[in-house]
>>> print(open('coords-v8.txt').read())   # compact mmCIF, C-alpha atoms
# COMPACT_ATOMS: atom_id res chain seq x y z
CA MET A 53 -105.82 1.97 84.56
CA THR A 54 -108.34 -0.80 85.16
CA SER A 55 -111.89 0.13 84.27
CA THR A 56 -114.20 0.54 87.26
CA THR A 57 -117.35 0.15 85.18
CA GLU A 58 -117.07 -3.57 84.49
CA PRO A 59 -120.21 -5.42 85.59
CA THR A 60 -119.64 -6.89 89.02
CA GLN A 61 -121.56 -9.00 91.48
CA PRO A 62 -123.03 -7.19 94.52
CA LEU A 63 -120.57 -6.95 97.38
CA SER A 64 -121.08 -9.39 100.23
CA VAL A 65 -121.46 -8.29 103.86
CA GLU A 66 -117.94 -9.57 104.54
CA GLN A 67 -116.51 -7.57 101.63
CA LEU A 68 -118.32 -4.41 102.73
CA SER A 69 -117.09 -4.83 106.30
CA ALA A 70 -113.51 -5.07 105.04
CA THR A 71 -113.70 -1.76 103.13
CA THR A 72 -113.20 1.71 104.56
CA LEU A 73 -115.91 4.36 104.69
CA LEU A 74 -115.62 7.81 103.11
CA ARG A 75 -118.16 10.52 103.87
CA PHE A 76 -118.11 13.27 101.27
CA ALA A 77 -120.22 16.23 100.21
CA THR A 78 -120.70 18.01 96.90
CA ALA A 79 -121.11 21.77 96.64
CA GLY A 80 -121.15 24.42 93.96
CA SER A 81 -123.21 27.23 92.50
CA VAL A 82 -126.57 26.79 90.78
CA ASP A 83 -126.31 24.91 87.46
CA ASP A 84 -122.68 23.93 88.00
CA GLY A 85 -123.80 20.31 87.59
CA LYS A 86 -123.60 18.80 91.07
CA SER A 87 -126.62 16.53 90.71
CA THR A 88 -125.50 15.47 87.22
CA LEU A 89 -122.06 14.61 88.60
CA VAL A 90 -123.60 12.54 91.40
CA GLY A 91 -125.92 10.82 88.94
CA ARG A 92 -123.03 10.09 86.59
CA LEU A 93 -120.96 8.77 89.47
CA LEU A 94 -123.75 6.41 90.56
CA HIS A 95 -124.60 5.35 87.00
CA ASP A 96 -121.07 4.69 85.74
CA SER A 97 -120.04 2.88 88.92
CA LYS A 98 -123.05 0.55 88.52
CA SER A 99 -124.63 1.80 91.75
CA VAL A 100 -128.09 2.51 90.31
CA LEU A 101 -130.93 0.00 90.52
CA THR A 102 -132.60 -0.92 87.24
CA ASP A 103 -136.01 0.42 88.23
CA GLN A 104 -134.45 3.75 89.30
CA LEU A 105 -132.74 4.13 85.93
CA GLU A 106 -135.92 3.19 84.07
CA ALA A 107 -137.89 5.83 85.99
CA VAL A 108 -135.30 8.48 85.12
CA GLN A 109 -135.40 7.42 81.46
CA ARG A 110 -139.20 7.71 81.39
CA VAL A 111 -139.21 11.21 82.89
CA SER A 112 -136.37 12.33 80.60
CA HIS A 113 -138.17 10.94 77.52
CA SER A 114 -141.41 12.71 78.50
CA ARG A 115 -139.45 15.97 78.48
CA GLY A 116 -138.16 15.32 74.98
CA GLN A 117 -134.62 14.45 76.10
CA GLU A 118 -132.89 11.68 74.17
CA ALA A 119 -130.42 10.76 76.93
CA PRO A 120 -131.47 10.15 80.55
CA ASP A 121 -131.12 13.20 82.83
CA LEU A 122 -128.90 11.71 85.53
CA ALA A 123 -129.55 14.69 87.84
CA LEU A 124 -132.98 13.18 88.50
CA LEU A 125 -131.29 10.36 90.45
CA THR A 126 -130.69 12.81 93.31
CA ASP A 127 -133.20 15.64 92.82
CA GLY A 128 -136.19 13.87 94.37
CA LEU A 129 -138.40 16.79 95.42
CA ARG A 130 -141.03 17.95 92.94
CA ALA A 131 -139.85 21.57 93.29
CA GLU A 132 -136.30 20.44 92.53
CA ARG A 133 -137.35 18.67 89.35
CA GLU A 134 -139.58 21.51 88.19
CA GLN A 135 -136.93 24.19 88.73
CA GLY A 136 -133.92 22.05 87.83
CA ILE A 137 -132.14 22.91 91.09
CA THR A 138 -131.25 21.15 94.33
CA ILE A 139 -133.06 22.53 97.40
CA ASP A 140 -132.49 20.03 100.20
CA VAL A 141 -129.49 17.86 101.06
CA ALA A 142 -129.79 14.51 99.27
CA TYR A 143 -127.94 11.61 100.86
CA ARG A 144 -126.84 8.62 98.79
CA TYR A 145 -125.15 5.42 99.88
CA PHE A 146 -123.08 3.32 97.48
CA ALA A 147 -120.02 1.12 97.44
CA THR A 148 -117.27 -0.15 95.17
CA ALA A 149 -114.90 -3.05 95.77
CA ARG A 150 -112.41 -0.61 97.31
CA ARG A 151 -114.55 1.59 99.57
CA ARG A 152 -118.02 2.43 100.94
CA PHE A 153 -119.41 5.94 100.49
CA ILE A 154 -121.95 8.22 102.14
CA LEU A 155 -122.57 11.15 99.81
CA ALA A 156 -124.34 14.41 100.64
CA ASP A 157 -125.43 16.36 97.56
CA THR A 158 -125.91 19.90 98.88
CA PRO A 159 -127.76 22.84 97.26
CA GLY A 160 -125.92 25.47 95.25
CA HIS A 161 -128.23 28.49 95.56
CA VAL A 162 -126.95 31.16 97.93
CA GLN A 163 -130.11 30.98 100.06
CA TYR A 164 -129.39 27.30 100.75
CA THR A 165 -125.72 27.70 101.74
CA ARG A 166 -126.74 26.73 105.28
CA ASN A 167 -127.70 23.30 103.93
CA MET A 168 -124.08 22.79 102.96
CA VAL A 169 -123.12 23.20 106.60
CA THR A 170 -125.38 20.26 107.40
CA GLY A 171 -124.02 18.10 104.59
CA ALA A 172 -120.34 18.89 105.14
CA SER A 173 -120.27 18.89 108.95
CA THR A 174 -119.31 15.21 109.10
CA ALA A 175 -117.56 14.96 105.72
CA ASP A 176 -114.01 13.70 105.23
CA LEU A 177 -113.93 15.29 101.77
CA ALA A 178 -115.77 18.03 99.88
CA VAL A 179 -116.18 18.18 96.10
CA VAL A 180 -116.58 21.83 95.02
CA LEU A 181 -117.84 22.17 91.45
CA VAL A 182 -117.05 25.11 89.19
CA ASP A 183 -118.53 25.81 85.76
CA ALA A 184 -115.51 26.07 83.44
CA ARG A 185 -117.23 28.94 81.59
CA ASN A 186 -117.71 31.05 84.73
CA GLY A 187 -114.68 30.19 86.84
CA VAL A 188 -114.44 30.96 90.56
CA ILE A 189 -117.42 33.06 91.68
CA GLU A 190 -118.61 34.34 95.06
CA GLN A 191 -120.57 31.18 95.83
CA THR A 192 -117.46 29.10 95.07
CA ARG A 193 -115.53 31.14 97.62
CA ARG A 194 -118.38 30.77 100.10
CA HIS A 195 -118.32 26.98 99.79
CA ALA A 196 -114.54 26.92 100.14
CA ALA A 197 -114.85 29.03 103.29
CA VAL A 198 -117.47 26.70 104.78
CA ALA A 199 -115.28 23.66 104.01
CA ALA A 200 -112.34 25.37 105.71
CA LEU A 201 -114.41 26.38 108.73
CA LEU A 202 -115.69 22.83 109.14
CA ARG A 203 -112.10 21.54 108.94
CA VAL A 204 -112.88 19.20 106.03
CA PRO A 205 -109.45 17.62 105.48
CA HIS A 206 -109.68 17.07 101.71
CA VAL A 207 -111.18 19.34 99.03
CA VAL A 208 -111.61 18.37 95.37
CA LEU A 209 -112.06 21.16 92.82
CA ALA A 210 -114.08 19.64 89.99
CA VAL A 211 -113.92 21.98 87.00
CA ASN A 212 -117.08 20.89 85.20
CA LYS A 213 -118.46 21.42 81.68
CA MET A 214 -115.02 21.21 80.08
CA ASP A 215 -116.82 20.07 76.92
CA LEU A 216 -118.26 23.60 76.62
CA VAL A 217 -114.80 25.23 76.60
CA GLU A 218 -113.34 22.81 74.05
CA TYR A 219 -111.46 20.89 76.76
CA LYS A 220 -108.82 23.64 76.93
CA GLU A 221 -106.04 23.02 79.43
CA SER A 222 -105.45 26.78 79.83
CA VAL A 223 -109.02 27.32 81.10
CA PHE A 224 -108.65 24.53 83.66
CA ALA A 225 -105.20 25.70 84.79
CA ALA A 226 -106.34 29.29 85.38
CA ILE A 227 -109.36 28.22 87.47
CA ALA A 228 -107.33 25.67 89.44
CA GLU A 229 -104.65 28.26 90.24
CA GLU A 230 -107.16 30.87 91.42
CA PHE A 231 -109.14 28.44 93.60
CA THR A 232 -106.03 26.81 95.09
CA ALA A 233 -104.61 30.19 96.10
CA TYR A 234 -107.87 31.20 97.77
CA ALA A 235 -108.47 27.88 99.54
CA SER A 236 -104.87 27.71 100.74
CA GLU A 237 -105.26 31.14 102.32
CA LEU A 238 -108.27 29.76 104.18
CA GLY A 239 -106.12 26.94 105.53
CA VAL A 240 -107.54 24.03 103.51
CA PRO A 241 -104.84 21.35 103.98
CA GLU A 242 -105.23 19.45 100.69
CA ILE A 243 -106.69 20.54 97.34
CA THR A 244 -106.99 18.31 94.26
CA ALA A 245 -108.18 19.82 90.96
CA ILE A 246 -109.80 17.54 88.33
CA PRO A 247 -111.17 18.66 84.92
CA ILE A 248 -114.46 16.88 84.17
CA SER A 249 -117.63 16.82 82.13
CA ALA A 250 -120.39 15.29 84.23
CA LEU A 251 -122.77 15.27 81.25
CA THR A 252 -120.51 13.18 79.01
CA GLY A 253 -118.68 11.32 81.78
CA ASP A 254 -115.16 12.69 81.14
CA ASN A 255 -112.88 11.97 84.12
CA VAL A 256 -115.78 11.07 86.42
CA VAL A 257 -115.35 7.30 86.49
CA GLU A 258 -113.42 6.74 83.25
CA PRO A 259 -110.39 8.76 82.06
CA SER A 260 -111.21 11.27 79.34
CA ALA A 261 -109.99 10.73 75.79
CA ASN A 262 -110.59 14.44 75.18
CA MET A 263 -108.13 15.66 77.83
CA ASP A 264 -104.94 13.69 77.24
CA TRP A 265 -103.03 16.62 78.76
CA TYR A 266 -104.42 15.65 82.19
CA GLY A 267 -102.59 12.82 83.92
CA GLY A 268 -104.26 12.84 87.33
CA PRO A 269 -106.96 10.59 88.80
CA THR A 270 -110.63 10.49 87.87
CA VAL A 271 -113.13 11.63 90.50
CA LEU A 272 -113.98 8.06 91.52
CA GLU A 273 -110.36 6.96 91.57
CA HIS A 274 -109.50 9.83 93.89
CA LEU A 275 -112.48 9.07 96.14
CA GLU A 276 -111.40 5.43 96.34
CA THR A 277 -107.76 6.18 97.17
CA VAL A 278 -107.73 9.39 99.22
CA PRO A 279 -106.43 8.64 102.73
CA VAL A 280 -109.23 8.56 105.27
CA SER A 281 -107.72 9.38 108.61
CA HIS A 282 -110.12 8.03 111.21
CA ASP A 283 -107.70 8.76 114.05
CA LEU A 284 -110.48 9.94 116.29
CA ALA A 285 -109.55 6.84 118.28
CA HIS A 286 -106.29 8.62 119.15
CA CYS A 287 -107.93 11.94 120.08
CA HIS A 288 -109.13 13.11 123.48
CA ALA A 289 -111.50 10.41 124.75
CA ARG A 290 -115.04 11.70 125.23
CA LEU A 291 -118.37 9.99 125.97
CA PRO A 292 -121.47 12.22 126.18
CA VAL A 293 -123.97 10.35 128.37
CA GLN A 294 -127.12 9.60 126.42
CA TYR A 295 -128.99 7.39 128.88
CA VAL A 296 -128.56 5.95 132.38
CA ILE A 297 -129.31 2.20 132.45
CA ARG A 298 -130.55 0.87 135.79
CA PRO A 299 -132.89 -2.14 135.31
CA GLN A 300 -133.22 -2.99 139.07
CA THR A 301 -134.33 -6.52 138.22
CA ALA A 302 -133.70 -9.75 140.12
CA GLU A 303 -131.03 -10.63 137.57
CA HIS A 304 -129.38 -7.20 137.69
CA PRO A 305 -130.32 -5.64 141.05
CA ASP A 306 -127.33 -3.31 141.31
CA TYR A 307 -126.51 -2.66 137.64
CA ARG A 308 -125.91 1.02 136.85
CA GLY A 309 -124.45 1.88 133.45
CA TYR A 310 -123.99 5.05 131.44
CA ALA A 311 -124.77 4.57 127.77
CA GLY A 312 -123.74 6.66 124.79
CA GLN A 313 -121.69 6.80 121.62
CA ILE A 314 -117.99 7.47 122.11
CA ALA A 315 -117.48 10.83 120.38
CA ALA A 316 -113.71 10.51 120.21
CA GLY A 317 -110.80 8.57 121.65
CA THR A 318 -110.45 5.25 123.47
CA PHE A 319 -111.60 4.07 126.90
CA ARG A 320 -109.92 1.26 128.87
CA VAL A 321 -111.11 -0.61 131.92
CA GLY A 322 -109.21 0.45 135.04
CA GLU A 323 -108.36 3.98 133.95
CA SER A 324 -109.28 7.00 136.04
CA VAL A 325 -112.18 8.99 134.58
CA THR A 326 -113.80 12.30 135.46
CA VAL A 327 -117.46 13.23 135.07
CA LEU A 328 -118.09 16.76 133.84
CA PRO A 329 -119.27 19.33 134.67
CA SER A 330 -119.36 18.08 138.29
CA GLY A 331 -115.65 17.15 138.28
CA ARG A 332 -116.20 13.93 140.28
CA THR A 333 -113.51 11.29 139.70
CA THR A 334 -113.69 7.47 139.77
CA ARG A 335 -112.37 4.48 137.83
CA LEU A 336 -113.78 2.61 134.87
CA ALA A 337 -114.95 -0.76 136.23
CA GLY A 338 -116.25 -2.24 132.99
CA ILE A 339 -117.38 -1.64 129.40
CA ASP A 340 -120.41 -3.36 127.85
CA LEU A 341 -120.46 -3.53 124.05
CA LEU A 342 -123.24 -5.32 122.14
CA GLY A 343 -124.10 -7.40 125.19
CA LYS A 344 -120.53 -8.46 125.89
CA ARG A 345 -117.98 -7.24 128.42
CA VAL A 346 -114.83 -5.78 126.78
CA ASP A 347 -111.63 -4.22 128.10
CA VAL A 348 -111.24 -1.50 125.46
CA ALA A 349 -113.70 0.56 123.37
CA TRP A 350 -113.17 3.36 120.88
CA THR A 351 -115.04 5.83 118.69
CA PRO A 352 -117.61 5.56 117.14
CA GLN A 353 -118.77 2.53 119.14
CA SER A 354 -121.92 2.79 121.24
CA VAL A 355 -121.17 1.40 124.70
CA THR A 356 -122.26 1.35 128.32
CA LEU A 357 -119.63 2.38 130.87
CA LEU A 358 -119.65 0.95 134.40
CA LEU A 359 -117.96 2.94 137.18
CA GLU A 360 -116.47 1.81 140.49
CA ASP A 361 -118.30 4.49 142.51
CA ASP A 362 -121.92 5.58 142.54
CA ILE A 363 -121.91 9.13 141.19
CA ASP A 364 -124.85 11.35 140.33
CA ILE A 365 -124.70 11.24 136.53
CA SER A 366 -127.46 12.07 134.08
CA ARG A 367 -128.00 12.68 130.38
CA GLY A 368 -125.84 15.53 129.16
CA ASP A 369 -122.85 14.79 131.40
CA LEU A 370 -119.49 14.02 129.78
CA ILE A 371 -117.19 11.16 130.86
CA VAL A 372 -113.50 11.76 130.06
CA PRO A 373 -110.09 10.39 131.16
CA SER A 374 -108.95 12.27 134.26
CA LYS A 375 -105.52 12.92 132.74
CA ASP A 376 -107.09 14.52 129.65
CA ALA A 377 -110.11 16.44 130.90
CA PRO A 378 -111.13 19.64 129.09
CA ALA A 379 -111.60 22.84 131.05
CA THR A 380 -115.19 23.86 131.77
CA THR A 381 -116.30 27.38 130.97
CA GLN A 382 -119.36 29.58 130.77
CA ASP A 383 -117.76 31.95 128.25
CA VAL A 384 -117.71 30.59 124.71
CA GLU A 385 -115.91 32.23 121.79
CA ALA A 386 -116.65 30.63 118.45
CA THR A 387 -116.95 30.97 114.71
CA VAL A 388 -120.51 30.42 113.56
CA CYS A 389 -122.56 30.01 110.42
CA HIS A 390 -126.04 31.47 110.89
CA VAL A 391 -128.66 29.20 109.31
CA ALA A 392 -132.02 30.68 110.36
CA ASP A 393 -134.12 33.26 108.54
CA GLN A 394 -134.41 35.38 111.70
CA PRO A 395 -131.20 37.31 112.51
CA LEU A 396 -128.90 36.53 115.42
CA THR A 397 -128.43 39.68 117.49
CA ILE A 398 -126.49 40.82 120.53
CA GLY A 399 -128.55 40.02 123.61
CA HIS A 400 -130.32 37.15 121.85
CA ARG A 401 -131.49 34.55 124.40
CA VAL A 402 -130.87 31.05 123.06
CA LEU A 403 -130.39 27.44 124.03
CA LEU A 404 -126.93 26.01 123.37
CA LYS A 405 -126.79 22.29 122.59
CA HIS A 406 -123.37 20.67 123.01
CA GLY A 407 -123.27 16.90 122.66
CA THR A 408 -126.21 15.60 124.68
CA ARG A 409 -126.39 18.65 126.95
CA THR A 410 -128.61 21.71 126.38
CA VAL A 411 -128.25 24.88 128.48
CA LYS A 412 -129.59 28.43 128.45
CA ALA A 413 -127.26 31.03 126.95
CA ILE A 414 -127.13 34.62 125.76
CA VAL A 415 -125.21 36.19 122.86
CA LYS A 416 -122.95 38.75 124.54
CA ASP A 417 -121.18 40.12 121.46
CA ILE A 418 -120.75 39.66 117.72
CA PRO A 419 -117.19 40.93 117.17
CA SER A 420 -117.06 40.45 113.41
CA ARG A 421 -118.62 39.15 110.21
CA LEU A 422 -116.53 37.57 107.47
CA THR A 423 -116.47 39.12 104.00
CA LEU A 424 -115.85 36.28 101.58
CA ASP A 425 -114.57 38.38 98.67
CA ASP A 426 -111.27 39.23 100.35
CA LEU A 427 -111.55 37.34 103.67
CA SER A 428 -111.64 40.64 105.55
CA LEU A 429 -113.53 41.03 108.81
CA HIS A 430 -116.34 43.56 109.15
CA PRO A 431 -116.12 44.64 112.81
CA HIS A 432 -119.16 44.81 115.10
CA PRO A 433 -121.89 44.10 112.54
CA GLY A 434 -124.50 44.00 115.31
CA LEU A 435 -126.24 40.97 113.86
CA LEU A 436 -125.81 37.96 111.60
CA VAL A 437 -128.39 37.08 108.95
CA ALA A 438 -128.99 33.79 107.15
CA ASN A 439 -125.81 32.32 105.61
CA ASP A 440 -123.53 34.85 107.38
CA ILE A 441 -120.27 33.59 108.86
CA GLY A 442 -118.97 35.47 111.87
CA ARG A 443 -117.48 35.42 115.35
CA VAL A 444 -119.62 35.41 118.50
CA LYS A 445 -119.16 35.54 122.27
CA ILE A 446 -121.70 33.57 124.28
CA ARG A 447 -122.33 33.29 128.02
CA THR A 448 -123.96 30.07 129.21
CA ALA A 449 -126.04 29.53 132.34
CA GLU A 450 -124.00 26.45 133.29
CA PRO A 451 -120.35 25.54 132.70
CA LEU A 452 -119.65 23.37 129.65
CA PRO A 453 -116.66 21.10 128.92
CA LEU A 454 -115.68 22.36 125.47
CA ASP A 455 -112.84 21.23 123.21
CA SER A 456 -111.46 23.40 120.45
CA TYR A 457 -113.04 22.53 117.10
CA ALA A 458 -109.51 22.28 115.68
CA ASP A 459 -108.87 19.41 118.12
CA SER A 460 -112.22 17.63 117.86
CA ARG A 461 -114.98 18.26 115.33
CA ARG A 462 -117.45 16.29 117.51
CA THR A 463 -116.91 17.88 120.93
CA GLY A 464 -115.82 21.29 119.62
CA SER A 465 -119.12 21.99 117.87
CA PHE A 466 -122.52 23.16 119.05
CA ILE A 467 -125.79 24.58 117.80
CA LEU A 468 -127.86 27.50 119.02
CA ILE A 469 -131.61 26.91 119.29
CA ASP A 470 -134.55 29.30 119.57
CA PRO A 471 -136.08 28.54 123.01
CA ALA A 472 -139.52 29.66 121.79
CA ASP A 473 -140.06 27.14 118.98
CA GLY A 474 -136.98 24.87 118.85
CA THR A 475 -135.70 26.26 115.55
CA THR A 476 -132.00 25.74 114.88
CA LEU A 477 -130.45 29.20 114.60
CA THR A 478 -126.72 28.78 114.27
CA ALA A 479 -124.00 26.16 113.88
CA GLY A 480 -120.88 26.95 115.91
CA MET A 481 -117.24 25.88 116.02
CA VAL A 482 -115.39 26.58 119.27
CA GLY A 483 -112.08 28.44 119.13
CA GLU A 484 -110.16 30.22 116.41
CA SER A 485 -111.27 30.09 112.77
CA PHE A 486 -109.13 30.36 109.65
CA ALA A 487 -109.37 34.16 109.99
CA ALA A 488 -109.55 34.98 113.69
CA PRO A 489 -110.75 38.53 114.44
CA GLU A 490 -108.91 40.96 116.63
CA PRO A 491 -109.86 40.81 120.32
CA VAL A 492 -112.84 43.01 121.06
CA LYS A 493 -113.36 44.72 124.40
CA ASP A 494 -116.65 43.85 126.07
CA GLU A 495 -119.01 46.83 126.30
CA GLY A 496 -120.67 45.56 129.44
CA ASP A 497 -123.28 43.10 130.58
CA ASP A 498 -126.68 42.92 128.96
CA ASP A 499 -129.94 43.04 130.82
CA GLY A 500 -132.01 39.88 130.93
CA TRP A 501 -130.32 36.51 131.41
CA ASP A 502 -127.35 37.62 133.47
CA PHE A 503 -125.07 34.62 133.96
>>> encode(input="coords-v8.txt", output="C-alpha cells")
Amino acid sequence: MTSTTEPTQPLSVEQLSATTLLRFATAGSVDDGKSTLVGRLLHDSKSVLTDQLEAVQRVSHSRGQEAPDLALLTDGLRAEREQGITIDVAYRYFATARRRFILADTPGHVQYTRNMVTGASTADLAVVLVDARNGVIEQTRRHAAVAALLRVPHVVLAVNKMDLVEYKESVFAAIAEEFTAYASELGVPEITAIPISALTGDNVVEPSANMDWYGGPTVLEHLETVPVSHDLAHCHARLPVQYVIRPQTAEHPDYRGYAGQIAAGTFRVGESVTVLPSGRTTRLAGIDLLGKRVDVAWTPQSVTLLLEDDIDISRGDLIVPSKDAPATTQDVEATVCHVADQPLTIGHRVLLKHGTRTVKAIVKDIPSRLTLDDLSLHPHPGLLVANDIGRVKIRTAEPLPLDSYADSRRTGSFILIDPADGTTLTAGMVGESFAAPEPVKDEGDDDGWDF
C-alpha cells in the first residue's frame, strides 16, 4: 500500500473542490484514547501546523513526557488538559488528496453522552473506540445505540491499545464479535473493526508491523475509501423557509423570493409545489442561486425560490413538491435522547423546533425508556433524565409537516426547548426507532396546554 505520510504540497482550491466530504465522529469511554487517535490521525497525515505541534511538544515536555502528547491537539479547554479527558465536542477540519474531512471528537464520560448526539447528528460515519483491555462496556453499548438511533450509516470499531495486550489477535476477535452482534441487533447497517494503537500509530495511518495477522485497511484508508452516499438529492425535496426577500426597490419593485437551504431533494422550475402547513399550491417560477437564475437546484444549496402566485409565506413554512408532500400532524411520536439536566416529564410544556419553525407543545406520554444492557424497554418510566433514550408522545399547538427520521435525517428530526430560558431539553427522531415499544393506550388529556 502506498504510504499516506509522504510530505505533500498543500492542496489547491481546485483539488479540494474535486474531493468528496466525509463527516465523522469519534466516541468511546473515558481513557479509551479518542483524542490520542485524533491527534495521531492529524499528525501522521501531515494535517498539523508546525506551531501547533511545537506548542504540544512544549506542554508535553513541561510535564516530563519524552514524546508529544497528541491528545493535546484536540483537548483545548483547560479543564480537559488538567483532567486528561474530553468535555466538549471538538471539531477539526483536514484533508488528504483523496477526501476532505470534518471530524467531531466527542466526550467519553457518561455525563457527556448528550454531546455525542450533537457530534454524530450529521455524521456519515462514527468511530467507536474500545480499550482492548476492557472490551465492550456499558458506555460502548450506549454509543452504539446513539449511532443506531441517529441512523449513522457506517460504524468503525477501533479496538485501541493493542500494544497493551501484546497485539493478540484473539483479544481483537472476541471484542469485534461481541460488538458486531450487539450493533447488528440495533440495526447498524455496516460495521468495520480495526485493531489499532493510537499511541504508537499502529493501523492509524500506516499498517502495523506488529499485527501481520490483520489484512484490513488502516483507519485513514477506510475513511478515505468508505462510500459516502450523499443521495439526499434523490430524497423528498424540502425547503424550510428561512427568510422572505422583498426589496421593493426601483430595480426590483415586484420581487418576492423565499430563501433557505434545501434540506433534501431537488427542485425544478415549472414543477407544482405546495406550501405547508397552509396547503396552498402554486408553481415554481424561478430559482436564484448565488445571484444567477438556474433551472434546477439540490441539497445542500442555499437558494431563493420564486413562485407564480402571491401566497402568504413566512419563516418556518416548508415548500415541497405537490406530488411528494408530507402529511401534517399535531401528534408526534418519536424516539428521543434527553440532553438537559432537568428531567423531561409527562405534562411538560415545551417548544418544539422543527427546521425553521418553532411551536408550542406538550409531552402527553413517555411510553418507555431504553435499557442499554439488553435493549429491553422499561414501560412508563414517568420521566427521562439526562442521557436517557426513550419514546415520547407529543401534542403540538399547530400542525407540522414531519417526515420519518428513517426517510430524512434533516426533516425527521427536532429539538425540544424550555420556553422559560431557551435551554435545549431533548433531541428527537420522528417515527420508529431500532427498538420500537409496544403501543401504549393514552390515559387521557392533561390539564394546561390542551391542543
>>> atom_distance(input="coords-v8.txt", atom1="CA of His390 in chain A", atom2="CA of Arg409 in chain A")
20.6 Å
>>> closest_residue(input="coords-v8.txt", among="A:Asp383, A:Glu273, A:Glu218, A:Glu230", to="Leu93 in chain A", atoms="all atoms listed in the file")
A:Glu273
>>> closest_atom_pairs(input="coords-v8.txt", of="range 297-402 of chain A", to="range 163-186 of chain A", cutoff="12 Å", atoms="only C-alpha atoms", output="tab-separated table")
residue	atom	partner	partner_atom	distance
A:Val388	CA	A:Val169	CA	10.4
A:Cys389	CA	A:Arg166	CA	7.4
A:His390	CA	A:Arg166	CA	7.4
A:Val391	CA	A:Arg166	CA	5.1
A:Ala392	CA	A:Arg166	CA	8.3
A:Asp393	CA	A:Gln163	CA	9.7
>>> atom_distance(input="coords-v8.txt", atom1="CA of Pro352 in chain A", atom2="CA of Gly407 in chain A")
13.8 Å
>>> atom_distance(input="coords-v8.txt", atom1="CA of Gly474 in chain A", atom2="CA of Ala199 in chain A")
26.3 Å
>>> closest_atom_pairs(input="coords-v8.txt", of="range 184-267 of chain A", to="range 436-444 of chain A", cutoff="12 Å", atoms="all atoms listed in the file", output="Markdown table")
| residue | atom | partner | partner_atom | distance |
| --- | --- | --- | --- | --- |
| A:Gln191 | CA | A:Asn439 | CA | 11.2 |
| A:Arg194 | CA | A:Asn439 | CA | 9.4 |
| A:His195 | CA | A:Asn439 | CA | 10.9 |
| A:Ala197 | CA | A:Ile441 | CA | 9.0 |
| A:Val198 | CA | A:Ile441 | CA | 8.5 |
| A:Ala200 | CA | A:Ile441 | CA | 11.8 |
| A:Leu201 | CA | A:Ile441 | CA | 9.3 |
| A:Leu202 | CA | A:Ile441 | CA | 11.7 |
